[in-house]
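Asker: Here you go, model11.csv (CSV, C-alpha atoms):
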chain,number,residue,atom,x,y,z
A,1,MET,CA,16.1,33.7,-5.0
A,2,LYS,CA,15.9,29.9,-5.0
A,3,SER,CA,15.6,27.9,-8.3
A,4,ASN,CA,12.6,25.6,-8.8
A,5,GLU,CA,15.0,22.6,-8.6
A,6,GLU,CA,16.2,23.9,-5.1
A,7,LEU,CA,12.5,24.2,-4.1
A,8,LEU,CA,11.8,20.6,-5.2
A,9,ARG,CA,14.8,19.4,-3.1
A,10,GLU,CA,13.3,21.2,-0.1
A,11,ILE,CA,9.9,19.7,-0.7
A,12,PHE,CA,11.5,16.2,-0.6
A,13,ALA,CA,13.4,17.1,2.6
A,14,ARG,CA,10.2,18.2,4.2
A,15,LEU,CA,8.5,15.0,3.2
A,16,ASP,CA,11.3,12.9,4.7
A,17,ALA,CA,11.0,14.8,8.0
A,18,LEU,CA,7.3,14.0,8.3
A,19,ASP,CA,6.3,11.0,10.4
A,20,TYR,CA,3.2,9.7,12.0
A,21,VAL,CA,2.4,9.1,15.7
A,22,ARG,CA,2.9,5.4,16.5
A,23,PRO,CA,0.4,3.8,18.8
A,24,GLU,CA,3.1,2.9,21.3
A,25,GLN,CA,3.9,6.6,21.7
A,26,ILE,CA,0.4,7.3,22.9
A,27,PRO,CA,0.0,7.0,26.7
A,28,ASP,CA,-2.1,4.0,27.8
A,29,ILE,CA,-3.7,6.1,30.5
A,30,PRO,CA,-6.6,8.6,30.0
A,31,LEU,CA,-5.5,12.2,29.5
A,32,TYR,CA,-7.0,15.5,30.5
A,33,MET,CA,-7.6,18.0,27.7
A,34,ASP,CA,-4.5,20.0,28.5
A,35,GLN,CA,-2.4,16.9,28.4
A,36,LEU,CA,-4.0,15.8,25.2
A,37,THR,CA,-3.4,19.1,23.3
A,38,THR,CA,0.2,19.2,24.5
A,39,PHE,CA,0.8,15.6,23.4
A,40,MET,CA,-0.6,16.3,19.9
A,41,ASP,CA,1.3,19.5,19.5
A,42,GLU,CA,4.6,17.8,20.4
A,43,ARG,CA,4.1,14.7,18.3
A,44,LEU,CA,2.8,16.4,15.2
A,45,GLU,CA,5.1,19.5,15.4
A,46,LYS,CA,6.8,18.8,12.1
A,47,SER,CA,3.5,18.8,10.2
A,48,LYS,CA,2.7,22.4,11.2
A,49,ARG,CA,3.0,25.1,8.5
A,50,TYR,CA,4.2,27.7,10.9
A,51,PRO,CA,5.9,27.2,14.3
A,52,GLU,CA,3.2,29.2,16.1
A,53,ASP,CA,0.4,27.0,14.7
A,54,LYS,CA,-1.5,24.8,17.1
A,55,VAL,CA,-2.2,21.2,16.1
A,56,LEU,CA,-5.1,20.9,18.5
A,57,THR,CA,-6.9,23.3,20.8
A,58,LYS,CA,-9.6,23.0,23.4
A,59,THR,CA,-12.0,24.7,21.0
A,60,MET,CA,-11.2,22.2,18.2
A,61,ILE,CA,-11.9,19.3,20.5
A,62,ASN,CA,-15.2,20.8,21.7
A,63,ASN,CA,-16.2,21.4,18.1
A,64,TYR,CA,-15.3,17.8,17.1
A,65,ALA,CA,-17.5,16.5,19.9
A,66,LYS,CA,-20.3,18.9,19.1
A,67,ASN,CA,-20.3,17.8,15.5
A,68,ASN,CA,-20.3,14.1,16.4
A,69,LEU,CA,-16.8,13.4,15.2
A,70,LEU,CA,-15.5,12.4,18.6
A,71,PRO,CA,-17.2,10.5,21.4
A,72,PRO,CA,-17.4,12.4,24.6
A,73,PRO,CA,-14.7,12.0,27.3
A,74,ILE,CA,-15.4,10.1,30.5
A,75,LYS,CA,-14.9,12.2,33.6
A,76,LYS,CA,-13.2,14.8,31.5
A,77,LYS,CA,-10.5,12.4,30.4
A,78,TYR,CA,-9.7,11.2,26.9
A,79,SER,CA,-8.7,7.6,26.2
A,80,LYS,CA,-6.1,6.2,23.7
A,81,GLU,CA,-9.0,5.6,21.3
A,82,HIS,CA,-9.9,9.3,21.5
A,83,THR,CA,-6.3,10.2,20.6
A,84,LEU,CA,-6.2,7.8,17.7
A,85,LEU,CA,-9.4,9.3,16.3
A,86,LEU,CA,-8.1,12.8,16.8
A,87,ILE,CA,-5.0,12.0,14.7
A,88,PHE,CA,-7.2,10.7,11.9
A,89,ILE,CA,-9.4,13.9,12.2
A,90,TYR,CA,-6.2,16.0,12.1
A,91,TYR,CA,-5.3,14.7,8.6
A,92,PHE,CA,-8.8,14.9,7.2
A,93,LYS,CA,-10.0,18.2,8.6
A,94,ASN,CA,-8.4,20.3,5.9
A,95,MET,CA,-9.8,18.2,3.1
A,96,LEU,CA,-13.3,17.2,4.2
A,97,SER,CA,-16.2,18.9,5.9
A,98,PHE,CA,-17.2,17.9,9.4
A,99,HIS,CA,-20.3,16.3,7.9
A,100,ASP,CA,-18.2,14.1,5.6
A,101,ILE,CA,-15.7,13.2,8.4
A,102,GLU,CA,-18.6,12.2,10.6
A,103,ALA,CA,-20.0,9.9,7.9
A,104,LEU,CA,-16.6,8.4,7.2
A,105,PHE,CA,-15.8,7.5,10.8
A,106,ALA,CA,-19.3,6.7,12.1
A,107,PRO,CA,-18.9,2.9,11.3
A,108,ILE,CA,-15.5,3.0,13.0
A,109,THR,CA,-16.7,4.6,16.2
A,110,GLU,CA,-19.8,2.4,16.2
A,111,GLU,CA,-17.9,-0.9,15.9
A,112,HIS,CA,-14.4,-0.4,17.1
A,113,PHE,CA,-14.3,2.4,19.6
A,114,ALA,CA,-13.8,1.3,23.2
A,115,SER,CA,-16.4,3.2,25.2
A,116,ASP,CA,-14.8,3.0,28.6
A,117,HIS,CA,-11.4,3.5,30.2
A,118,ASP,CA,-10.8,-0.1,31.1
A,119,PRO,CA,-7.0,-0.5,30.8
A,120,LEU,CA,-7.6,-3.9,29.1
A,121,SER,CA,-9.3,-2.1,26.3
A,122,PHE,CA,-6.0,-0.4,25.5
A,123,GLN,CA,-4.0,-3.6,25.0
A,124,SER,CA,-3.0,-3.9,21.4
A,125,HIS,CA,-3.0,-7.1,19.4
A,126,ALA,CA,-0.3,-8.2,17.0
A,127,PRO,CA,0.2,-5.1,14.7
A,128,GLY,CA,-2.0,-5.2,11.7
A,129,ARG,CA,-4.1,-8.1,12.9
A,130,PRO,CA,-7.5,-8.4,14.5
A,131,SER,CA,-8.1,-9.9,17.9
A,132,GLU,CA,-7.8,-13.7,17.7
A,133,ASP,CA,-9.5,-14.6,20.9
A,134,ALA,CA,-13.0,-13.6,19.8
A,135,GLU,CA,-15.3,-16.0,18.0
A,136,ASN,CA,-15.7,-13.4,15.2
A,137,ALA,CA,-12.4,-11.6,15.1
A,138,SER,CA,-12.8,-7.9,15.1
A,139,TRP,CA,-10.3,-5.1,14.7
A,140,SER,CA,-9.6,-2.8,17.5
A,141,LEU,CA,-9.2,0.9,16.7
A,142,GLU,CA,-5.5,0.6,17.4
A,143,ASP,CA,-5.3,-2.4,14.9
A,144,ILE,CA,-7.0,-0.3,12.3
A,145,TYR,CA,-4.7,2.6,12.9
A,146,ARG,CA,-1.6,0.4,12.6
A,147,GLU,CA,-2.9,-1.2,9.4
A,148,ILE,CA,-3.7,2.2,7.7
A,149,PHE,CA,-0.3,3.7,8.6
A,150,SER,CA,1.6,0.6,7.6
A,151,LEU,CA,0.8,1.7,4.1
A,152,GLU,CA,2.5,5.0,4.5
A,153,LYS,CA,6.0,4.0,3.4
A,154,GLU,CA,4.9,2.6,0.1
A,155,GLN,CA,2.5,5.5,-0.4
A,156,MET,CA,5.4,8.0,0.2
A,157,LYS,CA,7.5,6.3,-2.4
A,158,ARG,CA,4.7,6.5,-5.0
A,159,LEU,CA,4.1,10.2,-4.1
A,160,LYS,CA,7.7,11.1,-4.6
A,161,GLU,CA,7.7,9.4,-8.0
A,162,ASP,CA,4.6,11.2,-9.0
A,163,LEU,CA,6.0,14.6,-7.8
A,164,ILE,CA,9.0,14.1,-10.0
A,165,LYS,CA,6.8,13.4,-13.0
A,166,LYS,CA,4.7,16.5,-12.4
A,167,TYR,CA,7.7,18.6,-11.8
A,168,ARG,CA,9.4,17.6,-15.0
A,169,CYS,CA,6.2,18.1,-17.0
A,170,SER,CA,5.7,21.6,-15.4
A,171,MET,CA,9.3,22.6,-16.1
A,172,LYS,CA,8.7,22.1,-19.9
A,173,ALA,CA,5.9,24.6,-19.8
A,174,PHE,CA,6.4,28.3,-20.9
A,175,SER,CA,9.6,27.3,-22.7
A,176,SER,CA,9.8,30.7,-24.4
A,177,SER,CA,9.9,32.5,-21.0
A,178,HIS,CA,13.3,33.0,-19.3
A,179,GLY,CA,14.7,34.5,-16.2
A,180,ASP,CA,12.6,35.0,-13.0
A,181,SER,CA,9.4,35.4,-15.0
A,182,GLY,CA,9.8,32.0,-16.6
A,183,GLU,CA,10.8,30.4,-13.3
A,184,TYR,CA,7.7,31.8,-11.7
A,185,LEU,CA,5.4,30.6,-14.5
A,186,ARG,CA,6.8,27.1,-14.4
A,187,LEU,CA,6.4,27.1,-10.6
A,188,PHE,CA,2.9,28.3,-11.0
A,189,SER,CA,2.3,25.4,-13.5
A,190,PHE,CA,3.7,22.9,-10.9
A,191,ILE,CA,1.4,24.2,-8.2
A,192,CYS,CA,-1.5,23.9,-10.6
A,193,GLU,CA,-0.6,20.3,-11.4
A,194,LEU,CA,-0.6,19.5,-7.6
A,195,GLY,CA,-3.8,21.4,-7.1
A,196,PHE,CA,-5.6,19.6,-9.9
A,197,ASP,CA,-4.5,16.3,-8.4
A,198,VAL,CA,-5.8,17.3,-5.0
A,199,TYR,CA,-9.1,18.5,-6.5
A,200,LEU,CA,-9.7,15.2,-8.3
A,201,LYS,CA,-8.8,13.1,-5.3
A,202,LYS,CA,-11.1,15.2,-3.1
A,203,GLN,CA,-13.9,14.6,-5.6
A,204,MET,CA,-13.3,10.8,-5.4
A,205,MET,CA,-13.2,10.9,-1.6
A,206,GLU,CA,-16.5,12.7,-1.4
A,207,PHE,CA,-18.0,10.3,-3.9
A,208,LEU,CA,-16.9,7.3,-1.7
A,209,ILE,CA,-18.1,9.0,1.5
A,210,ASP,CA,-21.5,9.6,-0.1
A,211,TYR,CA,-21.6,5.8,-0.8
A,212,ILE,CA,-20.7,5.1,2.8
A,213,ARG,CA,-23.4,7.4,4.0
A,214,GLU,CA,-26.0,5.5,2.0
A,215,GLU,CA,-24.8,2.0,2.5
A,216,TYR,CA,-23.4,1.7,6.0
A,217,PRO,CA,-25.3,2.3,9.3
A,218,GLN,CA,-24.4,5.7,10.6
A,219,ASN,CA,-25.5,5.7,14.2
A,220,SER,CA,-27.4,3.7,16.8
A,221,LYS,CA,-30.7,5.4,15.9
A,222,LYS,CA,-30.7,3.6,12.5
A,223,LYS,CA,-30.1,0.3,14.3
A,224,LYS,CA,-33.2,0.7,16.5
Could you express the structure from this file as structure tokens?
Answerer:
Amino acid sequence: MKSNEELLREIFARLDALDYVRPEQIPDIPLYMDQLTTFMDERLEKSKRYPEDKVLTKTMINNYAKNNLLPPPIKKKYSKEHTLLLIFIYYFKNMLSFHDIEALFAPITEEHFASDHDPLSFQSHAPGRPSEDAENASWSLEDIYREIFSLEKEQMKRLKEDLIKKYRCSMKAFSSSHGDSGEYLRLFSFICELGFDVYLKKQMMEFLIDYIREEYPQNSKKKK
């Protein structure tokens, strides 16, 4: 049986193995659904809980489109913008409802999603910067994606620091319990610490999404 300290080291190793899909790794040509699901499964393989899990399936994509999370494909092909949105959805789908994800991304798809497969629409600008050739500079979906994921390195550092604090706090609990029983109770305490953190952050996310739903235009119908 592994000790709690050994489990913590494995958690850190798993975190170090995780990575995000970089925009330059995404094909600049439209993909058919089978190509898209294969790409997502390969690029996000390390984030799967079990090897047999599927990152994305045809049913998932159809459900996302049906629930207005994803714009429809053009001639059964999905653009680079579709792929970028699907990556965002992948990270949010286990935390938020479809209704909340739709509200969160409605302003993004309204203002920043290229609606055609013109190859020029796939050209990225300087990473983290909006287009400079427009009178009112606007961010492409790829620009937004780059900017968001550029924060990942610093966020990972803060996460690890927070994990260590929670772990040390949890390992002080149930000090009168020893052996496997004590190890389990302290592990349970650590999981509860993590769960409470997730619960509170989910509450904050939902609060902010409710604000977005009230304050930002959600769809073209509201603009008419």
Asker: Please determine, counting only C-alpha atoms, which residue among A:Glu214, A:Glu152, A:Glu183, A:Asp28 has the shortest atom-to-atom distance to His82 of chain A.
Answerer: A:Asp28
Asker: Skip Pro51 of chain A itself and residues of its chain fewer than 5 positions away, then list as a PyMOL selection string all residues within 12 Å of it, counting only C-alpha atoms.
Answerer: chain A and resi 41-42+44-46
Asker: Excluding same-chain residues fewer than 3 positions from segment 93-98 of chain A, what lies within 9 Å of it counting all atoms listed in the file, as a list in words?
Answerer: Tyr64, Asn67, Asn68, Leu69, Phe88, Ile89, Tyr90, Ile101, Glu102, Ala103, Lys202, Met205 and Glu206 of chain A
Asker: Which residue gives the smallest distance to Lys157 of chain A among A:Met1, A:Asp16, A:Leu104, A:Ile11, with all atoms listed in the file counted?
Answerer: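 Nearest to Lys157 of chain A: A:Asp16.
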Asker: Using all atoms listed in the file and a cutoff of 8 Å, can you tell me which residues are near (0.8, 17.6, -11.5) in the file's coordinates, and write them out as a compact mmCIF listing (two decimals) with C-alpha atoms, keeping the file's coordinate frame?
Answerer:
# COMPACT_ATOMS: atom_id res chain seq x y z
CA ASP A 162 4.60 11.20 -9.00
CA LEU A 163 6.00 14.60 -7.80
CA LYS A 165 6.80 13.40 -13.00
CA LYS A 166 4.70 16.50 -12.40
CA TYR A 167 7.70 18.60 -11.80
CA CYS A 169 6.20 18.10 -17.00
CA SER A 170 5.70 21.60 -15.40
CA PHE A 190 3.70 22.90 -10.90
CA ILE A 191 1.40 24.20 -8.20
CA CYS A 192 -1.50 23.90 -10.60
CA GLU A 193 -0.60 20.30 -11.40
CA LEU A 194 -0.60 19.50 -7.60
CA GLY A 195 -3.80 21.40 -7.10
CA PHE A 196 -5.60 19.60 -9.90
CA ASP A 197 -4.50 16.30 -8.40
Asker: For Ile212 of chain A, which residue out of A:Lys75, A:Ala106, A:Arg186, A:Asp143 is the nearest one, using only C-alpha atoms?
Answerer: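 Of all the options, A:Ala106 lies closest to Ile212 of chain A.
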Asker: Let me make sure I understand: among A:Leu56, A:Ile209, A:Ala65, A:Ile29, which one has the smallest atom-to-atom distance to Lys77 of chain A if we use all atoms listed in the file?
Answerer: A:Ile29
Asker: Using atom CA of Glu161 of chain A and atom CA of Arg9 of chain A as the two end points, give the distance in Å to one decimal.
Answerer: 13.2 Å
Asker: When you draw a straight line from atom CA of Met40 of chain A to atom CA of Lys66 of chain A, how long is it in Å?
Answerer: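 Distance reported for this atom pair: 19.9 Å.
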Asker: Could you check how far atom CA of Lys76 of chain A sits from atom CA of Tyr32 of chain A, in Å to one decimal?
Answerer: 6.3 Å
